[in-house]
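Next comes coords18.cif, with mmCIF, C-alpha atoms; chains and numbers go by the auth columns.
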data_upload
#
loop_
_atom_site.group_PDB
_atom_site.id
_atom_site.type_symbol
_atom_site.label_atom_id
_atom_site.label_comp_id
_atom_site.label_asym_id
_atom_site.label_seq_id
_atom_site.Cartn_x
_atom_site.Cartn_y
_atom_site.Cartn_z
_atom_site.B_iso_or_equiv
_atom_site.auth_seq_id
_atom_site.auth_asym_id
ATOM 1 C CA MET A 1 0.000 0.000 0.000 0.00 1 A
ATOM 2 C CA SER A 2 1.486 3.322 -1.044 0.00 2 A
ATOM 3 C CA LYS A 3 1.924 5.800 1.788 0.00 3 A
ATOM 4 C CA ASP A 4 2.407 8.854 -0.389 0.00 4 A
ATOM 5 C CA TRP A 5 -0.989 10.104 0.690 0.00 5 A
ATOM 6 C CA LEU A 6 0.354 10.436 4.240 0.00 6 A
ATOM 7 C CA ASP A 7 3.196 12.660 3.071 0.00 7 A
ATOM 8 C CA MET A 8 0.717 15.267 1.939 0.00 8 A
ATOM 9 C CA ILE A 9 -0.477 15.917 5.512 0.00 9 A
ATOM 10 C CA LYS A 10 1.104 18.861 7.286 0.00 10 A
ATOM 11 C CA TRP A 11 1.764 17.538 10.776 0.00 11 A
ATOM 12 C CA ASP A 12 2.309 20.164 13.467 0.00 12 A
ATOM 13 C CA ASP A 13 5.496 20.487 15.495 0.00 13 A
ATOM 14 C CA ARG A 14 4.335 17.611 17.704 0.00 14 A
ATOM 15 C CA GLY A 15 3.651 15.472 14.625 0.00 15 A
ATOM 16 C CA LEU A 16 -0.120 15.773 15.079 0.00 16 A
ATOM 17 C CA VAL A 17 -3.213 17.069 13.290 0.00 17 A
ATOM 18 C CA PRO A 18 -6.724 17.616 14.668 0.00 18 A
ATOM 19 C CA ALA A 19 -9.187 14.977 13.491 0.00 19 A
ATOM 20 C CA ILE A 20 -12.909 15.739 13.525 0.00 20 A
ATOM 21 C CA ALA A 21 -15.293 12.777 13.708 0.00 21 A
ATOM 22 C CA GLN A 22 -18.626 13.504 12.049 0.00 22 A
ATOM 23 C CA GLU A 23 -21.472 11.029 12.227 0.00 23 A
ATOM 24 C CA MET A 24 -22.650 9.629 8.936 0.00 24 A
ATOM 25 C CA GLY A 25 -26.330 10.289 8.366 0.00 25 A
ATOM 26 C CA SER A 26 -27.023 12.734 11.187 0.00 26 A
ATOM 27 C CA GLY A 27 -24.074 14.952 10.304 0.00 27 A
ATOM 28 C CA LYS A 28 -23.493 15.503 14.005 0.00 28 A
ATOM 29 C CA VAL A 29 -19.966 16.454 15.005 0.00 29 A
ATOM 30 C CA LEU A 30 -19.163 13.807 17.609 0.00 30 A
ATOM 31 C CA MET A 31 -15.709 14.850 18.796 0.00 31 A
ATOM 32 C CA LEU A 32 -12.334 16.244 17.922 0.00 32 A
ATOM 33 C CA SER A 33 -9.275 14.218 18.721 0.00 33 A
ATOM 34 C CA TRP A 34 -5.700 14.167 17.437 0.00 34 A
ATOM 35 C CA MET A 35 -3.843 11.908 15.056 0.00 35 A
ATOM 36 C CA ASN A 36 -0.223 11.268 14.292 0.00 36 A
ATOM 37 C CA ARG A 37 1.019 9.604 11.132 0.00 37 A
ATOM 38 C CA GLU A 38 0.755 6.099 12.549 0.00 38 A
ATOM 39 C CA SER A 39 -2.779 6.566 13.831 0.00 39 A
ATOM 40 C CA LEU A 40 -4.017 7.902 10.506 0.00 40 A
ATOM 41 C CA GLN A 41 -2.345 5.040 8.696 0.00 41 A
ATOM 42 C CA LEU A 42 -3.956 2.545 11.080 0.00 42 A
ATOM 43 C CA THR A 43 -7.325 4.231 10.646 0.00 43 A
ATOM 44 C CA ARG A 44 -6.990 3.761 6.894 0.00 44 A
ATOM 45 C CA LYS A 45 -5.815 0.189 7.255 0.00 45 A
ATOM 46 C CA THR A 46 -8.305 -1.063 9.841 0.00 46 A
ATOM 47 C CA GLY A 47 -11.331 1.049 8.866 0.00 47 A
ATOM 48 C CA HIS A 48 -11.732 1.991 12.544 0.00 48 A
ATOM 49 C CA ALA A 49 -10.778 5.354 14.027 0.00 49 A
ATOM 50 C CA VAL A 50 -7.415 5.274 15.761 0.00 50 A
ATOM 51 C CA TYR A 51 -6.324 8.486 17.465 0.00 51 A
ATOM 52 C CA TRP A 52 -3.285 9.685 19.345 0.00 52 A
ATOM 53 C CA SER A 53 -3.879 10.277 23.022 0.00 53 A
ATOM 54 C CA ARG A 54 -1.990 13.387 24.074 0.00 54 A
ATOM 55 C CA SER A 55 -2.596 12.626 27.751 0.00 55 A
ATOM 56 C CA ARG A 56 -1.267 9.078 27.538 0.00 56 A
ATOM 57 C CA ASN A 57 1.212 9.678 24.695 0.00 57 A
ATOM 58 C CA ALA A 58 0.000 6.518 23.040 0.00 58 A
ATOM 59 C CA LEU A 59 -2.137 5.247 20.201 0.00 59 A
ATOM 60 C CA TRP A 60 -5.802 5.190 21.120 0.00 60 A
ATOM 61 C CA HIS A 61 -7.885 2.586 19.334 0.00 61 A
ATOM 62 C CA LYS A 62 -11.205 4.160 20.103 0.00 62 A
ATOM 63 C CA GLY A 63 -13.684 1.591 21.377 0.00 63 A
ATOM 64 C CA GLU A 64 -11.066 -1.021 22.167 0.00 64 A
ATOM 65 C CA ALA A 65 -12.083 -1.055 25.826 0.00 65 A
ATOM 66 C CA SER A 66 -15.678 0.147 25.515 0.00 66 A
ATOM 67 C CA GLY A 67 -16.822 -1.496 22.298 0.00 67 A
ATOM 68 C CA HIS A 68 -17.833 1.940 21.062 0.00 68 A
ATOM 69 C CA TRP A 69 -15.858 1.745 17.815 0.00 69 A
ATOM 70 C CA GLN A 70 -16.024 4.277 15.078 0.00 70 A
ATOM 71 C CA VAL A 71 -16.280 2.661 11.671 0.00 71 A
ATOM 72 C CA VAL A 72 -14.708 5.079 9.213 0.00 72 A
ATOM 73 C CA HIS A 73 -16.506 5.552 5.913 0.00 73 A
ATOM 74 C CA ALA A 74 -14.516 8.486 4.544 0.00 74 A
ATOM 75 C CA ILE A 75 -11.332 10.386 5.287 0.00 75 A
ATOM 76 C CA GLN A 76 -11.090 13.984 4.103 0.00 76 A
ATOM 77 C CA VAL A 77 -8.416 16.633 4.482 0.00 77 A
ATOM 78 C CA ASP A 78 -8.752 20.400 4.412 0.00 78 A
ATOM 79 C CA CYS A 79 -7.252 22.999 2.074 0.00 79 A
ATOM 80 C CA ASP A 80 -4.145 23.492 4.205 0.00 80 A
ATOM 81 C CA ALA A 81 -3.761 19.732 4.721 0.00 81 A
ATOM 82 C CA ASP A 82 -3.537 20.229 8.463 0.00 82 A
ATOM 83 C CA VAL A 83 -6.999 19.054 9.578 0.00 83 A
ATOM 84 C CA VAL A 84 -8.615 15.657 8.984 0.00 84 A
ATOM 85 C CA LEU A 85 -12.363 15.029 8.833 0.00 85 A
ATOM 86 C CA LEU A 86 -13.679 11.505 9.330 0.00 86 A
ATOM 87 C CA GLU A 87 -17.133 10.359 8.362 0.00 87 A
ATOM 88 C CA VAL A 88 -17.925 7.705 10.953 0.00 88 A
ATOM 89 C CA GLU A 89 -20.559 5.299 12.128 0.00 89 A
ATOM 90 C CA GLN A 90 -20.558 5.377 15.928 0.00 90 A
ATOM 91 C CA LYS A 91 -21.011 1.907 17.332 0.00 91 A
ATOM 92 C CA GLY A 92 -22.858 1.828 20.652 0.00 92 A
ATOM 93 C CA SER A 93 -24.048 5.438 20.193 0.00 93 A
ATOM 94 C CA ILE A 94 -21.651 6.822 22.805 0.00 94 A
ATOM 95 C CA ALA A 95 -18.766 8.879 21.425 0.00 95 A
ATOM 96 C CA CYS A 96 -18.084 10.874 24.594 0.00 96 A
ATOM 97 C CA HIS A 97 -16.379 9.566 27.714 0.00 97 A
ATOM 98 C CA THR A 98 -19.040 11.391 29.763 0.00 98 A
ATOM 99 C CA GLY A 99 -21.596 8.864 28.509 0.00 99 A
ATOM 100 C CA ARG A 100 -23.183 11.186 25.974 0.00 100 A
ATOM 101 C CA HIS A 101 -23.717 10.646 22.270 0.00 101 A
ATOM 102 C CA ASN A 102 -21.264 13.392 21.385 0.00 102 A
ATOM 103 C CA CYS A 103 -18.786 15.648 23.125 0.00 103 A
ATOM 104 C CA PHE A 104 -20.429 18.985 22.280 0.00 104 A
ATOM 105 C CA PHE A 105 -23.161 18.890 24.887 0.00 105 A
ATOM 106 C CA ARG A 106 -22.747 22.425 26.266 0.00 106 A
ATOM 107 C CA GLU A 107 -24.060 25.468 24.452 0.00 107 A
ATOM 108 C CA LEU A 108 -23.710 29.127 25.299 0.00 108 A
ATOM 109 C CA HIS A 109 -27.032 30.698 26.251 0.00 109 A
ATOM 110 C CA ALA A 110 -26.914 34.255 27.602 0.00 110 A
ATOM 111 C CA ASP A 111 -23.326 33.890 28.821 0.00 111 A
ATOM 112 C CA GLN A 112 -23.960 30.574 30.542 0.00 112 A
ATOM 113 C CA TRP A 113 -22.963 27.122 29.327 0.00 113 A
ATOM 114 C CA VAL A 114 -26.128 25.039 29.269 0.00 114 A
ATOM 115 C CA GLU A 115 -26.187 21.255 28.931 0.00 115 A
ATOM 116 C CA ILE A 116 -28.141 20.333 25.828 0.00 116 A
ATOM 117 C CA ALA A 117 -27.644 16.555 25.662 0.00 117 A
ATOM 118 C CA PRO A 118 -28.391 13.844 28.202 0.00 118 A
ATOM 119 C CA VAL A 119 -26.057 11.255 29.679 0.00 119 A
ATOM 120 C CA LEU A 120 -27.085 7.991 28.030 0.00 120 A
ATOM 121 C CA LYS A 121 -24.764 5.661 29.859 0.00 121 A
ATOM 122 C CA ASP A 122 -22.961 5.661 33.206 0.00 122 A
ATOM 123 C CA PRO A 123 -19.473 6.937 32.339 0.00 123 A
ATOM 124 C CA ASP A 124 -17.897 4.504 34.805 0.00 124 A
ATOM 125 C CA THR A 125 -19.017 1.649 32.609 0.00 125 A
ATOM 126 C CA ILE A 126 -17.554 3.046 29.418 0.00 126 A
ATOM 127 C CA TYR A 127 -13.752 2.949 29.715 0.00 127 A
ATOM 128 C CA ASN A 128 -13.669 5.379 26.858 0.00 128 A
ATOM 129 C CA GLN A 129 -11.299 7.950 28.286 0.00 129 A
ATOM 130 C CA SER A 130 -8.883 9.447 25.799 0.00 130 A
ATOM 131 C CA MET B 1 -21.649 41.177 30.016 0.00 1 B
ATOM 132 C CA SER B 2 -20.157 38.562 32.328 0.00 2 B
ATOM 133 C CA LYS B 3 -17.056 36.880 30.963 0.00 3 B
ATOM 134 C CA ASP B 4 -17.087 33.931 33.351 0.00 4 B
ATOM 135 C CA TRP B 5 -18.075 31.669 30.473 0.00 5 B
ATOM 136 C CA LEU B 6 -14.701 32.402 28.848 0.00 6 B
ATOM 137 C CA ASP B 7 -12.836 31.239 31.946 0.00 7 B
ATOM 138 C CA MET B 8 -14.213 27.749 31.499 0.00 8 B
ATOM 139 C CA ILE B 9 -12.340 27.267 28.209 0.00 9 B
ATOM 140 C CA LYS B 10 -9.028 25.420 28.435 0.00 10 B
ATOM 141 C CA TRP B 11 -6.762 27.421 26.147 0.00 11 B
ATOM 142 C CA ASP B 12 -3.628 25.623 24.968 0.00 12 B
ATOM 143 C CA ASP B 13 -0.095 26.811 25.680 0.00 13 B
ATOM 144 C CA ARG B 14 -0.439 29.353 22.870 0.00 14 B
ATOM 145 C CA GLY B 15 -3.744 30.594 24.317 0.00 15 B
ATOM 146 C CA LEU B 16 -5.744 28.985 21.492 0.00 16 B
ATOM 147 C CA VAL B 17 -8.433 26.378 20.904 0.00 17 B
ATOM 148 C CA PRO B 18 -9.559 24.782 17.636 0.00 18 B
ATOM 149 C CA ALA B 19 -12.912 26.098 16.434 0.00 19 B
ATOM 150 C CA ILE B 20 -14.992 24.034 14.020 0.00 20 B
ATOM 151 C CA ALA B 21 -17.489 25.892 11.837 0.00 21 B
ATOM 152 C CA GLN B 22 -20.474 23.727 10.910 0.00 22 B
ATOM 153 C CA GLU B 23 -23.102 24.964 8.491 0.00 23 B
ATOM 154 C CA MET B 24 -26.595 25.315 9.882 0.00 24 B
ATOM 155 C CA GLY B 25 -29.085 23.252 7.938 0.00 25 B
ATOM 156 C CA SER B 26 -26.729 21.180 5.790 0.00 26 B
ATOM 157 C CA GLY B 27 -24.593 20.113 8.746 0.00 27 B
ATOM 158 C CA LYS B 28 -21.543 20.388 6.524 0.00 28 B
ATOM 159 C CA VAL B 29 -18.252 20.981 8.322 0.00 29 B
ATOM 160 C CA LEU B 30 -16.978 24.085 6.575 0.00 30 B
ATOM 161 C CA MET B 31 -13.587 24.607 8.176 0.00 31 B
ATOM 162 C CA LEU B 32 -11.481 24.438 11.299 0.00 32 B
ATOM 163 C CA SER B 33 -9.725 27.566 12.479 0.00 33 B
ATOM 164 C CA TRP B 34 -8.311 28.738 15.784 0.00 34 B
ATOM 165 C CA MET B 35 -9.576 31.131 18.417 0.00 35 B
ATOM 166 C CA ASN B 36 -8.001 32.951 21.319 0.00 36 B
ATOM 167 C CA ARG B 37 -9.950 34.449 24.188 0.00 37 B
ATOM 168 C CA GLU B 38 -10.467 37.768 22.450 0.00 38 B
ATOM 169 C CA SER B 39 -11.692 36.233 19.199 0.00 39 B
ATOM 170 C CA LEU B 40 -14.236 34.038 20.995 0.00 40 B
ATOM 171 C CA GLN B 41 -15.433 37.008 22.991 0.00 41 B
ATOM 172 C CA LEU B 42 -15.788 39.060 19.803 0.00 42 B
ATOM 173 C CA THR B 43 -17.619 36.202 18.110 0.00 43 B
ATOM 174 C CA ARG B 44 -20.101 36.177 20.992 0.00 44 B
ATOM 175 C CA LYS B 45 -20.424 39.950 20.970 0.00 45 B
ATOM 176 C CA THR B 46 -20.744 40.561 17.230 0.00 46 B
ATOM 177 C CA GLY B 47 -22.551 37.368 16.227 0.00 47 B
ATOM 178 C CA HIS B 48 -20.003 36.907 13.428 0.00 48 B
ATOM 179 C CA ALA B 49 -17.144 34.402 13.513 0.00 49 B
ATOM 180 C CA VAL B 50 -13.853 35.994 14.500 0.00 50 B
ATOM 181 C CA TYR B 51 -10.822 33.720 14.487 0.00 51 B
ATOM 182 C CA TRP B 52 -7.164 34.036 15.361 0.00 52 B
ATOM 183 C CA SER B 53 -4.857 33.832 12.370 0.00 53 B
ATOM 184 C CA ARG B 54 -1.788 31.840 13.358 0.00 54 B
ATOM 185 C CA SER B 55 0.015 32.879 10.173 0.00 55 B
ATOM 186 C CA ARG B 56 -0.590 36.586 10.682 0.00 56 B
ATOM 187 C CA ASN B 57 -0.695 36.521 14.497 0.00 57 B
ATOM 188 C CA ALA B 58 -3.749 38.716 14.397 0.00 58 B
ATOM 189 C CA LEU B 59 -7.500 38.657 14.815 0.00 59 B
ATOM 190 C CA TRP B 60 -9.254 37.476 11.693 0.00 60 B
ATOM 191 C CA HIS B 61 -12.750 38.830 11.185 0.00 61 B
ATOM 192 C CA LYS B 62 -13.777 36.261 8.630 0.00 62 B
ATOM 193 C CA GLY B 63 -15.470 37.884 5.666 0.00 63 B
ATOM 194 C CA GLU B 64 -14.231 41.378 6.448 0.00 64 B
ATOM 195 C CA ALA B 65 -12.441 41.585 3.098 0.00 65 B
ATOM 196 C CA SER B 66 -14.510 39.100 1.110 0.00 66 B
ATOM 197 C CA GLY B 67 -18.020 39.697 2.412 0.00 67 B
ATOM 198 C CA HIS B 68 -18.223 35.986 3.166 0.00 68 B
ATOM 199 C CA TRP B 69 -19.201 36.400 6.800 0.00 69 B
ATOM 200 C CA GLN B 70 -20.207 33.595 9.064 0.00 70 B
ATOM 201 C CA VAL B 71 -23.263 34.476 11.107 0.00 71 B
ATOM 202 C CA VAL B 72 -23.001 32.472 14.318 0.00 72 B
ATOM 203 C CA HIS B 73 -26.196 30.867 15.585 0.00 73 B
ATOM 204 C CA ALA B 74 -24.745 28.709 18.348 0.00 74 B
ATOM 205 C CA ILE B 75 -21.504 28.263 20.243 0.00 75 B
ATOM 206 C CA GLN B 76 -20.810 24.888 21.820 0.00 76 B
ATOM 207 C CA VAL B 77 -17.850 23.514 23.738 0.00 77 B
ATOM 208 C CA ASP B 78 -16.718 19.930 24.132 0.00 78 B
ATOM 209 C CA CYS B 79 -16.355 17.745 27.224 0.00 79 B
ATOM 210 C CA ASP B 80 -12.748 18.759 27.849 0.00 80 B
ATOM 211 C CA ALA B 81 -13.559 22.432 27.154 0.00 81 B
ATOM 212 C CA ASP B 82 -10.710 22.633 24.663 0.00 82 B
ATOM 213 C CA VAL B 83 -12.621 22.593 21.361 0.00 83 B
ATOM 214 C CA VAL B 84 -15.315 25.008 20.178 0.00 84 B
ATOM 215 C CA LEU B 85 -18.047 24.169 17.684 0.00 85 B
ATOM 216 C CA LEU B 86 -19.874 26.987 15.903 0.00 86 B
ATOM 217 C CA GLU B 87 -23.168 26.602 14.111 0.00 87 B
ATOM 218 C CA VAL B 88 -22.911 29.137 11.296 0.00 88 B
ATOM 219 C CA GLU B 89 -24.708 30.541 8.313 0.00 89 B
ATOM 220 C CA GLN B 90 -22.128 31.048 5.580 0.00 90 B
ATOM 221 C CA LYS B 91 -22.770 34.284 3.708 0.00 91 B
ATOM 222 C CA GLY B 92 -21.764 34.167 0.041 0.00 92 B
ATOM 223 C CA SER B 93 -21.478 30.353 0.142 0.00 93 B
ATOM 224 C CA ILE B 94 -17.674 30.355 0.076 0.00 94 B
ATOM 225 C CA ALA B 95 -15.984 29.332 3.317 0.00 95 B
ATOM 226 C CA CYS B 96 -12.676 28.240 1.768 0.00 96 B
ATOM 227 C CA HIS B 97 -9.974 30.532 0.456 0.00 97 B
ATOM 228 C CA THR B 98 -9.631 28.200 -2.557 0.00 98 B
ATOM 229 C CA GLY B 99 -13.066 29.375 -3.728 0.00 99 B
ATOM 230 C CA ARG B 100 -14.915 26.283 -2.603 0.00 100 B
ATOM 231 C CA HIS B 101 -17.951 26.008 -0.352 0.00 101 B
ATOM 232 C CA ASN B 102 -15.942 24.266 2.355 0.00 102 B
ATOM 233 C CA CYS B 103 -12.345 23.393 3.096 0.00 103 B
ATOM 234 C CA PHE B 104 -12.728 19.593 3.127 0.00 104 B
ATOM 235 C CA PHE B 105 -12.756 19.069 -0.628 0.00 105 B
ATOM 236 C CA ARG B 106 -10.258 16.194 -0.807 0.00 106 B
ATOM 237 C CA GLU B 107 -11.183 12.643 0.091 0.00 107 B
ATOM 238 C CA LEU B 108 -9.028 9.555 0.275 0.00 108 B
ATOM 239 C CA HIS B 109 -9.934 7.031 -2.425 0.00 109 B
ATOM 240 C CA ALA B 110 -7.623 4.019 -2.766 0.00 110 B
ATOM 241 C CA ASP B 111 -4.645 5.875 -1.309 0.00 111 B
ATOM 242 C CA GLN B 112 -5.132 8.935 -3.486 0.00 112 B
ATOM 243 C CA TRP B 113 -6.589 12.281 -2.465 0.00 113 B
ATOM 244 C CA VAL B 114 -9.426 12.997 -4.856 0.00 114 B
ATOM 245 C CA GLU B 115 -11.101 16.388 -5.230 0.00 115 B
ATOM 246 C CA ILE B 116 -14.785 16.037 -4.446 0.00 116 B
ATOM 247 C CA ALA B 117 -15.982 19.656 -4.565 0.00 117 B
ATOM 248 C CA PRO B 118 -15.753 22.246 -7.310 0.00 118 B
ATOM 249 C CA VAL B 119 -14.240 25.703 -7.224 0.00 119 B
ATOM 250 C CA LEU B 120 -17.215 28.064 -7.209 0.00 120 B
ATOM 251 C CA LYS B 121 -15.371 31.345 -7.336 0.00 121 B
ATOM 252 C CA ASP B 122 -11.959 32.516 -8.561 0.00 122 B
ATOM 253 C CA PRO B 123 -9.827 32.519 -5.396 0.00 123 B
ATOM 254 C CA ASP B 124 -8.052 35.699 -6.511 0.00 124 B
ATOM 255 C CA THR B 125 -11.324 37.568 -6.110 0.00 125 B
ATOM 256 C CA ILE B 126 -12.002 36.343 -2.574 0.00 126 B
ATOM 257 C CA TYR B 127 -9.393 37.883 -0.254 0.00 127 B
ATOM 258 C CA ASN B 128 -10.380 35.233 2.238 0.00 128 B
ATOM 259 C CA GLN B 129 -6.932 33.994 3.185 0.00 129 B
ATOM 260 C CA SER B 130 -6.502 33.130 6.844 0.00 130 B
#
Kindly transcribe the structure held in the file into structure tokens.
Amino acid sequence: MSKDWLDMIKWDDRGLVPAIAQEMGSGKVLMLSWMNRESLQLTRKTGHAVYWSRSRNALWHKGEASGHWQVVHAIQVDCDADVVLLEVEQKGSIACHTGRHNCFFRELHADQWVEIAPVLKDPDTIYNQS
Amino acid sequence: MSKDWLDMIKWDDRGLVPAIAQEMGSGKVLMLSWMNRESLQLTRKTGHAVYWSRSRNALWHKGEASGHWQVVHAIQVDCDADVVLLEVEQKGSIACHTGRHNCFFRELHADQWVEIAPVLKDPDTIYNQS
């Protein structure tokens, strides 16, 4: 498998790019994580989202512990080649380690952050921490 | 106007967070840019997306030169409070400085990046560079 496509990405000084996971169908933005070269290559190879955990300094096969995989249907890159957008199918419905469907569950209303999405699953049962 | 809501954001070591602009209605992810505290505050205050240009080290009132404003209908923050998601209405249809509707116009097909969206406007006429 040619890896030339990976050379086009402009990795930052830590060797990372932001990767947005967008849900196929609903169009909902589930989360933003980070990828290094190896994680993007593994994502391509396995068809499942693999990120780079900045807190653990390690590859993060999302769903490995929780079963909440992200099946990747498309990989896109932006004009500057420094942001990746994944079209994903979220297995188990829970993308967020807080037990919510997606990570963007707080919205600004009159200078207050208001929770706009419910917890669907006890976070202690998820093991989905990045 | 209370600014407590800004204190909740976890700015990175450069004082920035990634900000995703998602189009209202279509759900299309238009672009990812960066914001500092001042740009997010201005976005809230003006109702138009204001980013931080890392290349120019300056505030970037998107659309100021091109007329391609982003009217901001919602501001959300993720679980770790280090990513912002904007729901926007893209004036003039062109979010990308290449003259395309959005910045994610290349998709990986069999290890090749393939252009999947047309240029709608001559980029030299846009003055939309970040």
Using all atoms listed in the file: which of A:Met24, A:Ile116, A:Leu59, A:Leu86 has the shortest distance to Leu42 (chain A):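 Among the listed residues, the smallest separation from Leu42 (chain A) belongs to A:Leu59.
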To verify the selection step, state as an mmCIF file with C-alpha atoms, keeping the file's coordinate frame which residues the PyMOL selection byres ((chain A) within 9 of (chain B)) yields on this input.
data_model
loop_
_atom_site.group_PDB
_atom_site.id
_atom_site.type_symbol
_atom_site.label_atom_id
_atom_site.label_comp_id
_atom_site.auth_asym_id
_atom_site.auth_seq_id
_atom_site.Cartn_x
_atom_site.Cartn_y
_atom_site.Cartn_z
ATOM 1 C CA MET A 1 0.000 0.000 0.000
ATOM 2 C CA SER A 2 1.486 3.322 -1.044
ATOM 3 C CA LYS A 3 1.924 5.800 1.788
ATOM 4 C CA ASP A 4 2.407 8.854 -0.389
ATOM 5 C CA TRP A 5 -0.989 10.104 0.690
ATOM 6 C CA LEU A 6 0.354 10.436 4.240
ATOM 7 C CA PRO A 18 -6.724 17.616 14.668
ATOM 8 C CA ILE A 20 -12.909 15.739 13.525
ATOM 9 C CA GLN A 22 -18.626 13.504 12.049
ATOM 10 C CA SER A 26 -27.023 12.734 11.187
ATOM 11 C CA GLY A 27 -24.074 14.952 10.304
ATOM 12 C CA LYS A 28 -23.493 15.503 14.005
ATOM 13 C CA VAL A 29 -19.966 16.454 15.005
ATOM 14 C CA MET A 31 -15.709 14.850 18.796
ATOM 15 C CA LEU A 32 -12.334 16.244 17.922
ATOM 16 C CA ARG A 44 -6.990 3.761 6.894
ATOM 17 C CA ALA A 74 -14.516 8.486 4.544
ATOM 18 C CA ILE A 75 -11.332 10.386 5.287
ATOM 19 C CA GLN A 76 -11.090 13.984 4.103
ATOM 20 C CA VAL A 77 -8.416 16.633 4.482
ATOM 21 C CA ASP A 78 -8.752 20.400 4.412
ATOM 22 C CA CYS A 79 -7.252 22.999 2.074
ATOM 23 C CA ASP A 80 -4.145 23.492 4.205
ATOM 24 C CA VAL A 83 -6.999 19.054 9.578
ATOM 25 C CA VAL A 84 -8.615 15.657 8.984
ATOM 26 C CA LEU A 85 -12.363 15.029 8.833
ATOM 27 C CA CYS A 96 -18.084 10.874 24.594
ATOM 28 C CA HIS A 97 -16.379 9.566 27.714
ATOM 29 C CA THR A 98 -19.040 11.391 29.763
ATOM 30 C CA ASN A 102 -21.264 13.392 21.385
ATOM 31 C CA CYS A 103 -18.786 15.648 23.125
ATOM 32 C CA PHE A 104 -20.429 18.985 22.280
ATOM 33 C CA PHE A 105 -23.161 18.890 24.887
ATOM 34 C CA ARG A 106 -22.747 22.425 26.266
ATOM 35 C CA GLU A 107 -24.060 25.468 24.452
ATOM 36 C CA LEU A 108 -23.710 29.127 25.299
ATOM 37 C CA HIS A 109 -27.032 30.698 26.251
ATOM 38 C CA ASP A 111 -23.326 33.890 28.821
ATOM 39 C CA GLN A 112 -23.960 30.574 30.542
ATOM 40 C CA TRP A 113 -22.963 27.122 29.327
#
Hits from the PyMOL selection byres ((chain B and resi 51) around 7), listed as a VMD selection string: chain B and resid 33 to 35 39 49 to 50 52 to 53 59 to 61
Give me a file of those residues, with C-alpha atoms, as a PDB file, in the coordinates of the input.
ATOM      1  CA  SER B  33      -9.725  27.566  12.479  1.00  0.00           C
ATOM      2  CA  TRP B  34      -8.311  28.738  15.784  1.00  0.00           C
ATOM      3  CA  MET B  35      -9.576  31.131  18.417  1.00  0.00           C
ATOM      4  CA  SER B  39     -11.692  36.233  19.199  1.00  0.00           C
ATOM      5  CA  ALA B  49     -17.144  34.402  13.513  1.00  0.00           C
ATOM      6  CA  VAL B  50     -13.853  35.994  14.500  1.00  0.00           C
ATOM      7  CA  TRP B  52      -7.164  34.036  15.361  1.00  0.00           C
ATOM      8  CA  SER B  53      -4.857  33.832  12.370  1.00  0.00           C
ATOM      9  CA  LEU B  59      -7.500  38.657  14.815  1.00  0.00           C
ATOM     10  CA  TRP B  60      -9.254  37.476  11.693  1.00  0.00           C
ATOM     11  CA  HIS B  61     -12.750  38.830  11.185  1.00  0.00           C
TER      12      HIS B  61
END
Residue IDs satisfying the PyMOL selection byres ((chain B and resi 90) around 8), as a VMD selection string: chain B and resid 23 68 to 71 88 to 89 91 to 95
Distance in Å - CA of Gly99 (chain A) versus CA of Asp122 (chain A):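 For CA of Gly99 (chain A) relative to CA of Asp122 (chain A), the distance reads 5.8 Å.
Atom pair CA of Ser55 (chain A) / CA of Glu38 (chain A) has a distance of 16.9 Å (rounded to one decimal).
Distances from A:Ser66, A:Lys121, A:Asp13, A:Val72 to His48 (chain A) were compared using all atoms listed in the file, and the smallest one belongs to A:Val72.
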Atom pair CA of His73 (chain A) / CA of Leu40 (chain A): separation (Å): 13.5 Å
Kindly compute an axis-aligned box around the listed atoms of region 19-32 of chain B, allowing 3 Å on each side, and express its centre and edge lengths in Å to one decimal as JSON.
{"center_x": -20.3, "center_y": 23.1, "center_z": 11.1, "size_x": 23.6, "size_y": 12.0, "size_z": 16.6}
